[in-house]
file upload35.cif (mmCIF, C-alpha atoms)
data_coords
#
loop_
_atom_site.label_atom_id
_atom_site.label_comp_id
_atom_site.auth_asym_id
_atom_site.auth_seq_id
_atom_site.Cartn_x
_atom_site.Cartn_y
_atom_site.Cartn_z
CA MET A 5 4.29 -54.14 -3.11
CA LYS A 6 4.47 -51.23 -5.49
CA LYS A 7 2.03 -48.34 -5.24
CA PRO A 8 0.05 -47.59 -8.38
CA VAL A 9 1.43 -44.67 -10.34
CA LYS A 10 -1.02 -41.92 -11.26
CA PRO A 11 -0.73 -40.71 -14.83
CA ARG A 12 0.61 -37.18 -15.18
CA SER A 13 -1.35 -34.55 -16.96
CA THR A 14 0.08 -33.58 -20.30
CA LYS A 15 -0.98 -29.96 -19.78
CA ARG A 16 1.45 -27.65 -18.08
CA ALA A 17 0.65 -24.24 -16.71
CA VAL A 18 3.02 -21.65 -18.07
CA ARG A 19 3.16 -18.51 -15.97
CA SER A 20 5.43 -15.52 -15.84
CA PRO A 21 7.70 -15.83 -12.79
CA ARG A 22 6.72 -12.30 -11.78
CA ALA A 23 3.00 -12.71 -12.36
CA VAL A 24 0.82 -11.98 -9.38
CA LYS A 25 -2.02 -14.48 -9.25
CA LYS A 26 -5.13 -13.69 -7.27
CA SER A 27 -8.16 -15.87 -6.62
CA GLY A 28 -11.80 -15.23 -7.47
CA SER A 29 -12.55 -12.52 -9.99
CA ARG A 30 -9.24 -10.77 -9.41
CA PRO A 31 -7.19 -10.51 -12.58
CA ALA A 32 -3.68 -11.92 -12.84
CA LEU A 33 -1.08 -9.18 -13.20
CA SER A 34 1.86 -9.99 -15.44
CA GLY A 35 5.36 -8.68 -14.94
CA ARG A 36 4.91 -6.67 -18.13
CA ASP A 37 1.75 -5.04 -16.74
CA LEU A 38 3.50 -4.23 -13.47
CA ARG A 39 6.46 -2.65 -15.30
CA GLU A 40 4.05 -0.54 -17.36
CA LEU A 41 2.12 0.66 -14.29
CA GLN A 42 5.25 1.51 -12.31
CA GLN A 43 6.67 3.34 -15.32
CA MET A 44 3.47 5.43 -15.62
CA VAL A 45 3.53 6.39 -11.94
CA LEU A 46 7.23 7.23 -11.98
CA ARG A 47 6.98 9.24 -15.21
CA SER A 48 4.04 11.15 -13.79
CA ALA A 49 5.77 11.88 -10.46
CA LEU A 50 9.14 12.91 -11.91
CA ALA A 51 8.23 14.47 -15.27
CA GLY A 52 4.70 15.69 -14.52
CA GLU A 53 3.13 13.50 -17.18
CA PRO A 54 -0.65 13.14 -16.67
CA LEU A 55 -2.01 9.69 -15.88
CA PRO A 56 -4.25 8.08 -18.49
CA GLY A 57 -7.89 8.08 -17.40
CA THR A 58 -7.75 11.06 -15.04
CA GLY A 59 -5.45 13.52 -16.75
CA GLU A 60 -3.92 14.28 -13.34
CA ALA A 61 -0.22 14.11 -12.58
CA VAL A 62 1.17 12.40 -9.50
CA ARG A 63 2.27 14.90 -6.85
CA LEU A 64 4.61 13.44 -4.25
CA PRO A 65 4.75 16.09 -1.47
CA ASP A 66 8.27 15.19 -0.31
CA LEU A 67 9.79 14.90 -3.78
CA GLN A 68 12.08 17.87 -3.01
CA PHE A 69 13.90 15.75 -0.38
CA VAL A 70 14.48 12.97 -2.88
CA THR A 71 15.78 15.25 -5.65
CA HIS A 72 17.92 17.65 -3.62
CA ASP A 73 21.22 15.99 -4.62
CA GLY A 74 20.58 16.46 -8.35
CA LYS A 75 19.57 12.81 -8.89
CA VAL A 76 16.73 10.51 -7.93
CA LEU A 77 17.56 7.25 -6.21
CA LEU A 78 15.04 4.45 -6.76
CA SER A 79 15.20 1.28 -4.69
CA ASP A 80 15.16 -1.96 -6.66
CA GLU A 81 13.03 -3.58 -3.94
CA ASP A 82 9.58 -4.45 -5.39
CA LEU A 83 10.65 -2.88 -8.69
CA SER A 84 9.71 -4.61 -11.92
CA GLY A 85 12.19 -3.91 -14.69
CA ARG A 86 14.48 -0.92 -15.12
CA PRO A 87 12.36 2.17 -15.76
CA SER A 88 13.62 5.29 -17.45
CA VAL A 89 12.03 8.70 -17.26
CA SER A 90 12.60 11.01 -20.18
CA GLY A 91 11.64 14.60 -19.47
CA ALA A 92 12.54 14.45 -15.78
CA GLY A 93 14.79 17.26 -14.61
CA THR A 94 17.02 14.87 -12.66
CA PRO A 95 18.69 11.59 -13.62
CA LEU A 96 17.35 8.32 -12.19
CA ARG A 97 19.65 5.83 -10.45
CA ILE A 98 18.36 2.40 -9.45
CA ILE A 99 19.94 1.28 -6.20
CA SER A 100 19.87 -1.88 -4.06
CA SER A 101 18.81 -2.00 -0.39
CA SER A 102 22.35 -2.89 0.67
CA THR A 103 23.77 0.09 -1.24
CA ILE A 104 21.19 2.37 0.39
CA ALA A 105 22.27 1.20 3.84
CA ARG A 106 25.98 1.52 2.98
CA GLU A 107 25.62 5.02 1.49
CA ALA A 108 23.49 6.21 4.43
CA LYS A 109 26.34 5.20 6.77
CA SER A 110 28.85 7.31 4.86
CA ALA A 111 26.53 10.27 4.19
CA GLN A 112 24.28 12.33 6.42
CA ASP A 113 20.91 10.92 5.38
CA LEU A 114 19.91 9.33 2.09
CA ALA A 115 16.51 10.06 0.53
CA TYR A 116 15.16 7.70 -2.13
CA LEU A 117 11.97 6.47 -3.79
CA ARG A 118 10.58 2.98 -3.43
CA PHE A 119 7.62 1.09 -4.86
CA GLN A 120 5.58 -0.78 -2.27
CA PRO A 121 4.25 -4.27 -3.08
CA VAL A 122 1.42 -4.02 -5.58
CA GLN A 123 -2.14 -4.71 -4.40
CA VAL A 124 -4.63 -6.45 -6.67
CA ASP A 125 -8.35 -6.66 -5.91
CA GLU A 126 -11.66 -6.89 -7.78
CA GLU A 127 -11.63 -3.14 -8.49
CA GLY A 128 -8.16 -3.03 -10.01
CA VAL A 129 -4.47 -2.71 -9.23
CA SER A 130 -3.00 -0.26 -6.71
CA VAL A 131 0.56 0.97 -7.19
CA THR A 132 2.19 2.93 -4.36
CA LEU A 133 5.34 5.03 -4.70
CA SER A 134 6.85 6.29 -1.48
CA GLY A 135 9.68 8.53 -0.45
CA GLU A 136 11.94 7.19 2.28
CA MET A 137 14.92 8.53 4.19
CA ALA A 138 17.67 6.14 5.27
CA ALA A 139 19.29 7.72 8.29
CA SER A 140 22.95 7.93 9.16
CA PRO A 141 24.17 5.72 12.02
CA GLY A 142 22.60 6.52 15.38
CA ARG A 143 19.47 8.06 13.83
CA ARG A 144 16.11 6.52 13.04
CA SER A 145 15.05 6.05 9.39
CA LEU A 146 11.99 7.98 8.25
CA GLY A 147 9.13 7.37 5.92
CA LEU A 148 8.33 10.39 3.78
CA SER A 149 5.15 10.96 1.79
CA SER A 150 3.68 8.37 -0.56
CA VAL A 151 1.18 8.33 -3.37
CA ARG A 152 -1.14 5.50 -4.38
CA VAL A 153 -2.69 5.17 -7.81
CA LYS A 154 -5.42 2.64 -8.58
CA PHE A 155 -5.55 1.35 -12.15
CA ARG A 156 -7.95 -0.79 -14.13
CA LYS A 157 -7.75 -2.12 -17.64
CA VAL A 158 -10.23 -0.57 -20.07
CA ASP A 159 -10.31 -1.85 -23.65
CA GLY A 160 -6.86 -3.39 -23.17
CA GLN A 161 -5.28 -0.17 -21.84
CA TRP A 162 -4.44 0.74 -18.24
CA GLU A 163 -6.24 3.81 -16.84
CA ALA A 164 -6.00 5.49 -13.45
CA VAL A 165 -9.20 5.40 -11.42
CA GLY A 166 -10.13 8.36 -9.22
CA GLY A 167 -6.76 10.10 -9.34
CA PRO A 168 -3.64 9.77 -7.19
CA VAL A 169 -4.04 9.70 -3.40
CA ALA A 170 -1.16 11.20 -1.40
CA SER A 171 -0.43 10.44 2.25
CA ALA A 172 2.25 11.38 4.77
CA SER A 173 4.10 8.97 7.04
#
call {"tool": "encode", "arguments": {"input": "upload35.cif", "output": "structure tokens"}}
result
Amino acid sequence: MKKPVKPRSTKRAVRSPRAVKKSGSRPALSGRDLRELQQMVLRSALAGEPLPGTGEAVRLPDLQFVTHDGKVLLSDEDLSGRPSVSGAGTPLRIISSSTIAREAKSAQDLAYLRFQPVQVDEEGVSVTLSGEMAASPGRRSLGLSSVRVKFRKVDGQWEAVGGPVASAS
């Protein structure tokens, strides 16, 4: 005996593969939005560009460790897109986790920046940029300072809320 077949809906949900969907009154965050927010935080941290909404620039206390080799390494983990930062004093190099581990083995220590997973709630979107130090073999890796910026959309434009919040690991 055959089971009755339920008719399929003709509507299909089309969603960006990188969209972050949250329940309740939390807004969905598209990949494009995430790229824009990460770009703003990175541009502010590396080039001193003020954030929209607060006029403050991101200050990452341990940035000197990340830029001491004349370049900034940025992990591709939790990174949306390939940002570029004009006006920064040092070139930006996007690097994979496996390359970070390999280069830390051959060098002393390797300092780099990394975006943490984005957090979305009813009040907005939090983007965290952290400095990290991959240690050479036999040494423990370190977390450096990080900075979190909360954003909300106002009249279709992203604005920082309350300014950047720095913390040390």
call {"tool": "resolve_selection", "arguments": {"input": "upload35.cif", "expression": "the PyMOL selection byres ((chain A and resi 63-75) around 7)", "output": "list of chain:residue names"}}
result
A:Ala49, A:Ala61, A:Val62, A:Val76, A:Leu77, A:Thr94, A:Pro95, A:Leu96, A:Ala115, A:Tyr116, A:Gly135, A:Leu148, A:Ser149, A:Ser150, A:Val151, A:Ala170
call {"tool": "resolve_selection", "arguments": {"input": "upload35.cif", "expression": "the PyMOL selection byres ((chain A and resi 46) around 9)", "output": "list in words"}}
result
Leu41, Gln42, Gln43, Met44, Val45, Arg47, Ser48, Ala49, Leu50, Ala51, Val62, Pro87, Ser88, Val89 and Leu133 of chain A
call {"tool": "resolve_selection", "arguments": {"input": "upload35.cif", "expression": "the PyMOL selection byres ((chain A and resi 128) around 8)", "output": "list in words"}}
result
Arg30, Pro31, Val124, Asp125, Glu126, Glu127, Val129, Ser130, Lys154, Phe155, Arg156 and Lys157 of chain A
call {"tool": "atom_distance", "arguments": {"input": "upload35.cif", "atom1": "atom CA of Leu38 of chain A", "atom2": "atom CA of Ser84 of chain A"}}
result
6.4 Å
call {"tool": "closest_residue", "arguments": {"input": "upload35.cif", "among": "A:Asp113, A:Trp162, A:Pro121, A:Leu33", "to": "Gly57 of chain A", "atoms": "all atoms listed in the file"}}
result
A:Trp162
call {"tool": "closest_residue", "arguments": {"input": "upload35.cif", "among": "A:Arg152, A:Met137, A:Asp159, A:Ser171", "to": "Ala108 of chain A", "atoms": "all atoms listed in the file"}}
result
A:Met137
call {"tool": "closest_residue", "arguments": {"input": "upload35.cif", "among": "A:Arg118, A:Arg36, A:Lys109, A:Arg97", "to": "Glu81 of chain A", "atoms": "all atoms listed in the file"}}
result
A:Arg118
call {"tool": "closest_residue", "arguments": {"input": "upload35.cif", "among": "A:Val131, A:Val169, A:Pro56, A:Leu114", "to": "Arg39 of chain A", "atoms": "only C-alpha atoms"}}
result
A:Val131
call {"tool": "atom_distance", "arguments": {"input": "upload35.cif", "atom1": "atom CA of Phe119 of chain A", "atom2": "atom CA of Thr58 of chain A"}}
result
21.0 Å
call {"tool": "atom_distance", "arguments": {"input": "upload35.cif", "atom1": "atom CA of Ile99 of chain A", "atom2": "atom CA of Ser79 of chain A"}}
result
5.0 Å
call {"tool": "axis_aligned_box", "arguments": {"input": "upload35.cif", "around": "segment 54-66 of chain A", "padding_each_side": "5 Å", "output": "lines of an AutoDock Vina configuration file"}}
result
center_x = 0.2
center_y = 12.1
center_z = -9.4
size_x = 26.2
size_y = 18.0
size_z = 28.2
call {"tool": "decode", "arguments": {"input": "upload35.cif", "residues": "segment 110-162 of chain A", "atoms": "C-alpha atoms", "output": "PDB file, in the first residue's frame"}}
result
ATOM      1  CA  SER A 110      59.349  27.975  11.751  1.00  0.00           C
ATOM      2  CA  ALA A 111      59.412  31.403  13.439  1.00  0.00           C
ATOM      3  CA  GLN A 112      59.688  32.489  17.052  1.00  0.00           C
ATOM      4  CA  ASP A 113      56.082  33.515  17.666  1.00  0.00           C
ATOM      5  CA  LEU A 114      53.499  34.737  15.188  1.00  0.00           C
ATOM      6  CA  ALA A 115      51.121  37.571  16.085  1.00  0.00           C
ATOM      7  CA  TYR A 116      47.954  38.040  14.045  1.00  0.00           C
ATOM      8  CA  LEU A 117      44.434  39.478  14.139  1.00  0.00           C
ATOM      9  CA  ARG A 118      41.275  37.420  14.092  1.00  0.00           C
ATOM     10  CA  PHE A 119      37.556  38.168  14.039  1.00  0.00           C
ATOM     11  CA  GLN A 120      35.545  36.215  16.576  1.00  0.00           C
ATOM     12  CA  PRO A 121      32.129  34.799  15.601  1.00  0.00           C
ATOM     13  CA  VAL A 122      29.608  37.618  15.310  1.00  0.00           C
ATOM     14  CA  GLN A 123      26.900  37.941  17.973  1.00  0.00           C
ATOM     15  CA  VAL A 124      23.406  39.092  17.056  1.00  0.00           C
ATOM     16  CA  ASP A 125      20.782  40.058  19.627  1.00  0.00           C
ATOM     17  CA  GLU A 126      17.778  42.364  19.943  1.00  0.00           C
ATOM     18  CA  GLU A 127      20.028  45.385  20.549  1.00  0.00           C
ATOM     19  CA  GLY A 128      22.221  44.898  17.488  1.00  0.00           C
ATOM     20  CA  VAL A 129      25.281  43.121  16.156  1.00  0.00           C
ATOM     21  CA  SER A 130      28.567  42.749  18.055  1.00  0.00           C
ATOM     22  CA  VAL A 131      31.801  42.397  16.093  1.00  0.00           C
ATOM     23  CA  THR A 132      34.964  41.436  17.994  1.00  0.00           C
ATOM     24  CA  LEU A 133      38.496  41.780  16.645  1.00  0.00           C
ATOM     25  CA  SER A 134      41.220  40.152  18.696  1.00  0.00           C
ATOM     26  CA  GLY A 135      44.963  39.939  18.623  1.00  0.00           C
ATOM     27  CA  GLU A 136      46.428  36.470  19.072  1.00  0.00           C
ATOM     28  CA  MET A 137      49.927  35.049  19.317  1.00  0.00           C
ATOM     29  CA  ALA A 138      50.643  31.594  17.885  1.00  0.00           C
ATOM     30  CA  ALA A 139      53.604  30.267  19.820  1.00  0.00           C
ATOM     31  CA  SER A 140      56.590  28.377  18.530  1.00  0.00           C
ATOM     32  CA  PRO A 141      56.782  24.661  19.382  1.00  0.00           C
ATOM     33  CA  GLY A 142      57.013  23.924  23.092  1.00  0.00           C
ATOM     34  CA  ARG A 143      55.362  27.206  24.105  1.00  0.00           C
ATOM     35  CA  ARG A 144      51.748  27.999  24.872  1.00  0.00           C
ATOM     36  CA  SER A 145      49.745  30.235  22.490  1.00  0.00           C
ATOM     37  CA  LEU A 146      48.499  33.534  23.899  1.00  0.00           C
ATOM     38  CA  GLY A 147      45.445  35.654  23.483  1.00  0.00           C
ATOM     39  CA  LEU A 148      46.272  39.343  23.217  1.00  0.00           C
ATOM     40  CA  SER A 149      43.834  42.227  23.617  1.00  0.00           C
ATOM     41  CA  SER A 150      40.510  42.401  21.807  1.00  0.00           C
ATOM     42  CA  VAL A 151      37.965  45.055  21.006  1.00  0.00           C
ATOM     43  CA  ARG A 152      34.210  44.637  20.627  1.00  0.00           C
ATOM     44  CA  VAL A 153      32.009  47.046  18.724  1.00  0.00           C
ATOM     45  CA  LYS A 154      28.217  46.870  18.852  1.00  0.00           C
ATOM     46  CA  PHE A 155      26.383  48.100  15.763  1.00  0.00           C
ATOM     47  CA  ARG A 156      22.764  48.762  14.893  1.00  0.00           C
ATOM     48  CA  LYS A 157      21.154  49.789  11.647  1.00  0.00           C
ATOM     49  CA  VAL A 158      19.744  53.321  11.627  1.00  0.00           C
ATOM     50  CA  ASP A 159      17.947  54.547   8.506  1.00  0.00           C
ATOM     51  CA  GLY A 160      19.566  51.748   6.484  1.00  0.00           C
ATOM     52  CA  GLN A 161      23.119  52.558   7.644  1.00  0.00           C
ATOM     53  CA  TRP A 162      25.232  50.751  10.256  1.00  0.00           C
TER      54      TRP A 162
END
